[in-house]
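Trainee: Can you keep this structure in mind? I'll have questions shortly.
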Amino acid sequence: MAQSTSPAWATYGGDAGGQRYSSASQINTQNVRSLRIVWQLHTHALDSGRVGSRSAMFESTPILFEGTLYLSTPFDEIIAIDPATGSERWRFEPKLKDLHEGDLITSRGVAVWAKDGAVGACSKRIFIGTNDAHLISVDASSGVACKAFGNDGVVDLTDGLQGHDREFHVTSAPTVVDNVVVVGSSIPDNQLADQAKGTLRAYDVESGKLLWKWEPLPWQERSAQRTGAANAWSTIAADLETGLIFVPTGSASPDYFGGMRPGDDRDADSVVAIDAHTGKKVWAFQVVHHDLWDYDVASEPLLFTWHENTPAVAVTTKMGMVFVLDRRTGKPLYPIEERAVPQSDVPGEVSSPTQPFSSLPSLSPLTFPDKRIPSSAGISEFCLAQITSLRYEGVYTPPSLKGSLVFPGSIGGVNWGSAAYDPTSGNLYANVNRVPYSAQLLPPIKPPSIFMGLLRTIYILRFPVLVLITIALLFLACAWRRMQNRWGILAICIAAFISALSWNSWSDLARKPSLDAITGAFGEDHSPQAGAPYSLYRHPIVDHNGLPCMPGMYGTVSALNLQTGRMTWEQPHGAGRGAPSLGGLIVTAGGLVFSAGTKEPILRAYDSSTGEVLWTGTLPRSAQSTPMTYVVNGKQYVVIAAGGHGLWGTQTGDTLVAFALD
């Protein structure tokens, strides 16, 4: 039985304020090269081949609480693990319903609560929000559902959604403040104009009673505008001393056309400070007005102490800008300027005349390099042909009917991996993507005709149909050969030809992941935006090798000092010019930044002062997740979920990997 767990990693973000910092220093810049894998745990989440396995994403970050690691799988199973050996102590398996292949199947983590001075069943609880929109409470010691919570341990989050329950699920860990558990939602906000509302809910941790609801778009109901979402799909940070939570909200639906939601769309694309006990909004700051680029706040707000003990919150964005605010009032601590931006030329659209710009250095370039740049500077003629055909007038160039260059693209800048902060140096660290996208508005997607539906069915079933035809022809060939030799030979030739087609079709299916499973996430995407006058066609702008049409670095690990307001360093995240990533990083008192997230199966350790790569560790799969670290029995471990990403095209797996000094 493991004992003496200090320092702890008790929430998804390391602490309630999301700093992703550990005071552990046993592993440091001098000895990190001696890190080795000391244990691995297979979750077996994909073994049964259940619906959703092909698109599942193992993005979880474990938490450590009272000598036990708690991990969630993509299917919301909770596993309790011995942190010293990696052996499983117990497992809770929810009975998920209504999952579909190609859905966003993931769980990034769990939350914990303990009742002061209490012992016995459910005095300590683990909470998880599920892919089928439920909030579940289980006993932290046994993994048995806490029956007094909701309905036998489960609260249904779809109550009142009025037919939108298929679109509503939870991917991030809940947030617990005192006796309140707060849960957001994940909504596919580019499918419908009047999408489900992104209602934030808070429940009593013991009874599951609804305490309050907060609507991010109250003006939508008053004005009957056709919109929805603005949901908090990322992690909610908390100030446990004041009881304030800091809610990152998404964009109002649909993402790329706002003609039916005129105005700023306040409080979408914002960080909103809410009293966790009452649900009352204290203040809000919007990072993008009238979002047309899917620039929702994907990162957990980061709480830290600024000059003269000022309580502050840092907001990292998909644009790469960082906004620093007084977390008591929402007032800027570094100046923010409203600047004029390009305007939409799409009929029915009225874009915001200005957008907020931070005075802090941006983690990503805000403007794409001049599109006339010669190929010798890093852009091929193939890339230039794509770029020069698009409208581009700098950051916030609106989507257009001819197609617009959007840079940074909708994966960031900084995405849900969020940022880390070292309170001793004042440095903020983040994985930063630099990928240009094309966004084009097209006529609405019409329902397929019966004829087109029949053709699609034939295409989908082409392999079994061709096999049946082959068998039939071979049978006929045998019969015809008895009657007349030349007809038998002809039938055999035809059968051989169709067999070759069948084999080729089967080989294609075996070699390639399902297009439905990968193109809707970060590749080519044709979204209906049903109910709007335009559908959306977007895709990353890449060369023949699939690399971004971008001079310079494709992805970085970057350090910005929040106390001085200056960049400390930036380094390519990965080999060569770096790579885009999905997942976060952590920083330790040992002078190290640990980060994975790229498609390479590698965990890297960077020198937190210089950005130099000091160590790389090989993983069984790529890790589209955020690592964590802890000390148990005097030994420091670094743990990461290495399970690939079903919607990003990386090979999936189920391994939790722990490193320690050899």
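Ordered as shown in the structure tokens, chains take letters A, B, and onward, while each chain numbers its residues from 1 and ligands are numbered from 1 in the order shown.
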Quick one: everything within 9 Å of Ser299 of chain A, counting only C-alpha atoms, minus sequence neighbours fewer than 6 positions away in the same chain. Send it as a PyMOL selection string.

Mentor: chain A and resi 234-235+248+315-318+414-419

Trainee: Keeping only C-alpha atoms, write those residues as an mmCIF file, in the first residue's frame.

Mentor:
data_model
loop_
_atom_site.group_PDB
_atom_site.id
_atom_site.type_symbol
_atom_site.label_atom_id
_atom_site.label_comp_id
_atom_site.auth_asym_id
_atom_site.auth_seq_id
_atom_site.Cartn_x
_atom_site.Cartn_y
_atom_site.Cartn_z
ATOM 1 C CA SER A 234 -12.973 22.819 -21.381
ATOM 2 C CA THR A 235 -11.858 22.713 -17.744
ATOM 3 C CA PRO A 248 -14.146 29.240 -20.394
ATOM 4 C CA VAL A 315 -6.334 33.373 -20.534
ATOM 5 C CA THR A 316 -4.505 31.594 -23.363
ATOM 6 C CA THR A 317 -6.347 31.579 -26.689
ATOM 7 C CA LYS A 318 -6.504 29.841 -30.051
ATOM 8 C CA VAL A 414 -3.330 27.118 -27.615
ATOM 9 C CA ASN A 415 -6.016 24.443 -27.466
ATOM 10 C CA TRP A 416 -7.472 22.386 -24.604
ATOM 11 C CA GLY A 417 -3.999 21.328 -23.436
ATOM 12 C CA SER A 418 -3.943 24.745 -21.713
ATOM 13 C CA ALA A 419 -0.869 26.315 -20.106
#

Trainee: Just want the 6 Å neighbourhood of segment 531-541 of chain A, counted on only C-alpha atoms, with same-chain residues fewer than 4 positions away dropped. Output as a PDB file with N, CA and C atoms, in the first residue's frame.

Mentor:
ATOM      1  N   ALA A 193     -27.759  25.679 -36.521  1.00  0.00           N
ATOM      2  CA  ALA A 193     -27.811  27.081 -36.109  1.00  0.00           C
ATOM      3  C   ALA A 193     -28.358  27.185 -34.690  1.00  0.00           C
ATOM      4  N   PRO A 436      -2.176  27.073 -40.922  1.00  0.00           N
ATOM      5  CA  PRO A 436      -3.162  27.863 -41.668  1.00  0.00           C
ATOM      6  C   PRO A 436      -4.318  26.991 -42.135  1.00  0.00           C
ATOM      7  N   TYR A 437      -5.515  27.567 -42.132  1.00  0.00           N
ATOM      8  CA  TYR A 437      -6.719  26.874 -42.584  1.00  0.00           C
ATOM      9  C   TYR A 437      -7.401  27.691 -43.678  1.00  0.00           C
ATOM     10  N   SER A 438      -8.172  27.009 -44.497  1.00  0.00           N
ATOM     11  CA  SER A 438      -9.066  27.650 -45.458  1.00  0.00           C
ATOM     12  C   SER A 438     -10.487  27.488 -44.949  1.00  0.00           C
ATOM     13  N   ALA A 439     -11.270  28.583 -44.988  1.00  0.00           N
ATOM     14  CA  ALA A 439     -12.679  28.539 -44.577  1.00  0.00           C
ATOM     15  C   ALA A 439     -13.524  29.156 -45.682  1.00  0.00           C
ATOM     16  N   GLN A 440     -14.444  28.360 -46.217  1.00  0.00           N
ATOM     17  CA  GLN A 440     -15.285  28.816 -47.317  1.00  0.00           C
ATOM     18  C   GLN A 440     -16.741  28.514 -47.013  1.00  0.00           C
ATOM     19  N   LEU A 441     -17.612  29.511 -47.219  1.00  0.00           N
ATOM     20  CA  LEU A 441     -19.044  29.331 -47.052  1.00  0.00           C
ATOM     21  C   LEU A 441     -19.643  28.886 -48.384  1.00  0.00           C
ATOM     22  N   LEU A 442     -20.456  27.835 -48.325  1.00  0.00           N
ATOM     23  CA  LEU A 442     -21.047  27.230 -49.519  1.00  0.00           C
ATOM     24  C   LEU A 442     -22.566  27.166 -49.362  1.00  0.00           C
ATOM     25  N   PRO A 443     -23.282  26.851 -50.427  1.00  0.00           N
ATOM     26  CA  PRO A 443     -24.731  26.665 -50.292  1.00  0.00           C
ATOM     27  C   PRO A 443     -25.046  25.581 -49.268  1.00  0.00           C
ATOM     28  N   PRO A 444     -26.246  25.612 -48.708  1.00  0.00           N
ATOM     29  CA  PRO A 444     -26.613  24.598 -47.708  1.00  0.00           C
ATOM     30  C   PRO A 444     -26.497  23.184 -48.259  1.00  0.00           C
ATOM     31  N   GLY A 523      -9.075  17.702 -40.066  1.00  0.00           N
ATOM     32  CA  GLY A 523      -8.733  17.668 -41.467  1.00  0.00           C
ATOM     33  C   GLY A 523      -9.816  18.333 -42.286  1.00  0.00           C
ATOM     34  N   GLU A 524     -10.102  17.767 -43.449  1.00  0.00           N
ATOM     35  CA  GLU A 524     -11.132  18.301 -44.319  1.00  0.00           C
ATOM     36  C   GLU A 524     -12.500  18.132 -43.665  1.00  0.00           C
ATOM     37  N   ASP A 525     -13.302  19.187 -43.671  1.00  0.00           N
ATOM     38  CA  ASP A 525     -14.556  19.172 -42.936  1.00  0.00           C
ATOM     39  C   ASP A 525     -15.603  19.975 -43.697  1.00  0.00           C
ATOM     40  N   HIS A 526     -16.705  19.328 -44.051  1.00  0.00           N
ATOM     41  CA  HIS A 526     -17.843  20.029 -44.653  1.00  0.00           C
ATOM     42  C   HIS A 526     -18.984  19.960 -43.646  1.00  0.00           C
ATOM     43  N   SER A 527     -19.188  21.046 -42.903  1.00  0.00           N
ATOM     44  CA  SER A 527     -20.186  21.084 -41.837  1.00  0.00           C
ATOM     45  C   SER A 527     -21.479  21.706 -42.348  1.00  0.00           C
ATOM     46  N   PRO A 548       2.025  21.578 -42.912  1.00  0.00           N
ATOM     47  CA  PRO A 548       1.392  22.886 -43.069  1.00  0.00           C
ATOM     48  C   PRO A 548       2.148  23.778 -44.052  1.00  0.00           C
ATOM     49  N   CYS A 549       1.393  24.495 -44.881  1.00  0.00           N
ATOM     50  CA  CYS A 549       1.980  25.478 -45.803  1.00  0.00           C
ATOM     51  C   CYS A 549       2.340  26.715 -44.984  1.00  0.00           C
TER      52      CYS A 549
END

Trainee: Please identify all polymer residues within 10 Å of Tyr392 of chain A, counting only C-alpha atoms, omitting same-chain residues fewer than 5 positions from it, and present them as a list in words.

Mentor: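 Skipping anything fewer than 5 positions along the chain leaves Pro342, Thr367, Phe368, Asp370, Lys371, Ile387, Thr397, Pro398, Pro399, Ser400, Gly403, Ser404, Leu405, Val406 and Phe407 of chain A.
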
Trainee: Considering only C-alpha atoms, return as a PyMOL selection string whatever protein or nucleic-acid residues lie within 7 Å of Ala252 of chain A, sequence-local ones (same chain, fewer than 4 positions apart) excluded.

Mentor: chain A and resi 227-230+265+268

Trainee: Would you write out those residues with C-alpha atoms, as a PDB file, in the first residue's frame?

Mentor:
ATOM      1  CA  THR A 227     -28.293  30.152 -31.942  1.00  0.00           C
ATOM      2  CA  GLY A 228     -27.101  28.005 -29.069  1.00  0.00           C
ATOM      3  CA  ALA A 229     -23.965  26.403 -27.567  1.00  0.00           C
ATOM      4  CA  ALA A 230     -21.477  28.885 -25.994  1.00  0.00           C
ATOM      5  CA  ASP A 265     -22.718  37.302 -28.732  1.00  0.00           C
ATOM      6  CA  ALA A 268     -19.715  33.424 -25.694  1.00  0.00           C
TER       7      ALA A 268
END

Trainee: Restricting the calculation to only C-alpha atoms, which member of A:Leu614, A:Val271, A:Leu192, A:Val205 is positioned closest to Ser253 of chain A?

Mentor: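 Among A:Leu614, A:Val271, A:Leu192, A:Val205, it is A:Leu192 that comes nearest to Ser253 of chain A.
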
Trainee: Please provide as a PyMOL selection string all residues within 9 Å of Gly109 of chain A, with the sequence filter that same-chain residues fewer than 5 positions apart are discarded (counting only C-alpha atoms).

Mentor: chain A and resi 11-12+59-63+70-73+76+128-129+171-174

Trainee: Show which residues sit within 12 Å of Asn431 of chain A, as a PyMOL selection string. Count only C-alpha atoms, and ignore same-chain residues fewer than 2 positions away.

Mentor: chain A and resi 299+316-318+320+363-364+411-420+428-429+433-434+554-560+570-574+578-586+593-598+624-626

Trainee: Using C-alpha atoms, can you write the selected residues to a file as a tab-separated table (two decimals), in the first residue's frame?

Mentor:
chain	number	residue	atom	x	y	z
A	299	SER	CA	-7.92	26.40	-22.43
A	316	THR	CA	-4.50	31.59	-23.36
A	317	THR	CA	-6.35	31.58	-26.69
A	318	LYS	CA	-6.50	29.84	-30.05
A	320	GLY	CA	-2.05	32.73	-29.50
A	363	LEU	CA	2.56	32.92	-28.54
A	364	SER	CA	1.77	32.50	-32.26
A	411	ILE	CA	-6.81	24.11	-33.51
A	412	GLY	CA	-4.79	27.05	-32.18
A	413	GLY	CA	-2.63	28.74	-30.96
A	414	VAL	CA	-3.33	27.12	-27.62
A	415	ASN	CA	-6.02	24.44	-27.47
A	416	TRP	CA	-7.47	22.39	-24.60
A	417	GLY	CA	-4.00	21.33	-23.44
A	418	SER	CA	-3.94	24.75	-21.71
A	419	ALA	CA	-0.87	26.31	-20.11
A	420	ALA	CA	1.42	25.69	-17.14
A	428	LEU	CA	3.87	30.60	-18.46
A	429	TYR	CA	4.44	27.61	-20.76
A	433	ASN	CA	0.06	25.29	-33.01
A	434	ARG	CA	0.74	27.27	-36.19
A	554	TYR	CA	4.62	24.36	-37.29
A	555	GLY	CA	4.35	23.86	-33.54
A	556	THR	CA	6.26	25.17	-30.54
A	557	VAL	CA	6.70	24.95	-26.83
A	558	SER	CA	6.79	28.60	-25.76
A	559	ALA	CA	7.57	30.42	-22.52
A	560	LEU	CA	6.18	33.88	-21.69
A	570	GLU	CA	10.27	29.29	-27.85
A	571	GLN	CA	11.44	26.01	-29.31
A	572	PRO	CA	10.13	23.64	-32.00
A	573	HIS	CA	7.88	21.03	-30.41
A	574	GLY	CA	9.28	17.95	-32.09
A	578	GLY	CA	8.19	21.11	-34.81
A	579	ALA	CA	4.67	19.73	-35.20
A	580	PRO	CA	1.09	20.54	-34.26
A	581	SER	CA	0.00	18.94	-31.01
A	582	LEU	CA	-3.09	18.07	-28.99
A	583	GLY	CA	-2.42	17.86	-25.28
A	584	GLY	CA	-0.75	19.91	-22.60
A	585	LEU	CA	2.41	20.25	-20.57
A	586	ILE	CA	3.54	20.53	-16.97
A	593	VAL	CA	8.82	21.09	-18.68
A	594	PHE	CA	7.31	17.75	-19.73
A	595	SER	CA	5.27	17.66	-22.93
A	596	ALA	CA	4.01	15.22	-25.57
A	597	GLY	CA	0.93	15.87	-27.74
A	598	THR	CA	2.43	15.49	-31.24
A	624	GLN	CA	-2.64	13.32	-27.11
A	625	SER	CA	-2.90	14.07	-23.40
A	626	THR	CA	-1.29	16.02	-20.56

Trainee: Out of A:Val341, A:Ala133, A:Cys146, A:Ile236, which residue has the shortest atom-to-atom distance to Ser186 of chain A when counting only C-alpha atoms?

Mentor: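 Residue with the minimum atom-to-atom distance to Ser186 of chain A: A:Ala133.
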
Trainee: So which bits of segment 293-431 of chain A end up strand (DSSP E) when you DSSP the backbone, as a ChimeraX atom specification?

Mentor: /A:302-306,310-316,322-326,336-340,354-358,404-406,419-422,427-431

Trainee: Name the residues of segment 346-418 of chain A that come out as alpha helix (DSSP H) in a backbone DSSP run; write them as an MDAnalysis selection string.

Mentor: chainID A and resid 381:388

Trainee: Quick one: residues within 10 Å of segment 31-35 of chain A, only C-alpha atoms, excluding same-chain residues fewer than 6 positions away - as JSON, numbers by chain?

Mentor: {"A": [590, 592, 605, 606, 614, 615, 616, 617, 637, 638, 658, 659, 660, 661, 662]}

Trainee: For the selection just defined, write its residues with N, CA and C atoms to a file, as a PDB file, in the first residue's frame.

Mentor:
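Ended up saving to part_5.pdb:
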ATOM      1  N   GLY A 590      12.003  20.974 -10.459  1.00  0.00           N
ATOM      2  CA  GLY A 590      13.279  20.439 -10.917  1.00  0.00           C
ATOM      3  C   GLY A 590      13.800  21.116 -12.167  1.00  0.00           C
ATOM      4  N   LEU A 592      12.113  21.531 -15.098  1.00  0.00           N
ATOM      5  CA  LEU A 592      11.746  20.770 -16.290  1.00  0.00           C
ATOM      6  C   LEU A 592      10.318  21.076 -16.741  1.00  0.00           C
ATOM      7  N   ALA A 605      11.343  16.187 -22.284  1.00  0.00           N
ATOM      8  CA  ALA A 605      11.622  17.045 -21.138  1.00  0.00           C
ATOM      9  C   ALA A 605      12.464  18.216 -21.620  1.00  0.00           C
ATOM     10  N   TYR A 606      11.956  19.437 -21.428  1.00  0.00           N
ATOM     11  CA  TYR A 606      12.648  20.663 -21.809  1.00  0.00           C
ATOM     12  C   TYR A 606      13.208  21.344 -20.566  1.00  0.00           C
ATOM     13  N   LEU A 614      16.211  18.117 -23.067  1.00  0.00           N
ATOM     14  CA  LEU A 614      17.184  17.392 -22.258  1.00  0.00           C
ATOM     15  C   LEU A 614      16.988  15.880 -22.310  1.00  0.00           C
ATOM     16  N   TRP A 615      15.774  15.431 -22.660  1.00  0.00           N
ATOM     17  CA  TRP A 615      15.488  13.989 -22.620  1.00  0.00           C
ATOM     18  C   TRP A 615      14.277  13.702 -23.477  1.00  0.00           C
ATOM     19  N   THR A 616      14.265  12.534 -24.109  1.00  0.00           N
ATOM     20  CA  THR A 616      13.077  12.040 -24.811  1.00  0.00           C
ATOM     21  C   THR A 616      12.808  10.617 -24.357  1.00  0.00           C
ATOM     22  N   GLY A 617      11.557  10.320 -24.111  1.00  0.00           N
ATOM     23  CA  GLY A 617      11.154   8.975 -23.723  1.00  0.00           C
ATOM     24  C   GLY A 617      10.192   8.400 -24.742  1.00  0.00           C
ATOM     25  N   TYR A 637       7.445  10.222  -9.773  1.00  0.00           N
ATOM     26  CA  TYR A 637       6.995   9.573 -10.998  1.00  0.00           C
ATOM     27  C   TYR A 637       6.450  10.637 -11.952  1.00  0.00           C
ATOM     28  N   VAL A 638       6.604  10.384 -13.250  1.00  0.00           N
ATOM     29  CA  VAL A 638       5.953  11.170 -14.299  1.00  0.00           C
ATOM     30  C   VAL A 638       5.079  10.204 -15.081  1.00  0.00           C
ATOM     31  N   ALA A 658       4.304   5.096 -16.706  1.00  0.00           N
ATOM     32  CA  ALA A 658       4.951   5.797 -15.594  1.00  0.00           C
ATOM     33  C   ALA A 658       6.465   5.746 -15.763  1.00  0.00           C
ATOM     34  N   PHE A 659       7.110   6.908 -15.640  1.00  0.00           N
ATOM     35  CA  PHE A 659       8.564   7.021 -15.681  1.00  0.00           C
ATOM     36  C   PHE A 659       9.087   7.396 -14.295  1.00  0.00           C
ATOM     37  N   ALA A 660      10.282   6.915 -13.977  1.00  0.00           N
ATOM     38  CA  ALA A 660      10.982   7.314 -12.761  1.00  0.00           C
ATOM     39  C   ALA A 660      12.474   7.165 -13.012  1.00  0.00           C
ATOM     40  N   LEU A 661      13.286   7.664 -12.092  1.00  0.00           N
ATOM     41  CA  LEU A 661      14.730   7.555 -12.242  1.00  0.00           C
ATOM     42  C   LEU A 661      15.161   6.109 -12.117  1.00  0.00           C
ATOM     43  N   ASP A 662      16.096   5.726 -12.944  1.00  0.00           N
ATOM     44  CA  ASP A 662      16.569   4.349 -12.973  1.00  0.00           C
ATOM     45  C   ASP A 662      17.355   4.074 -11.703  1.00  0.00           C
TER      46      ASP A 662
END

Trainee: Closest to Ser622 of chain A among A:Glu381, A:Met57, A:Ala45, A:Trp306, using only C-alpha atoms?

Mentor: A:Met57
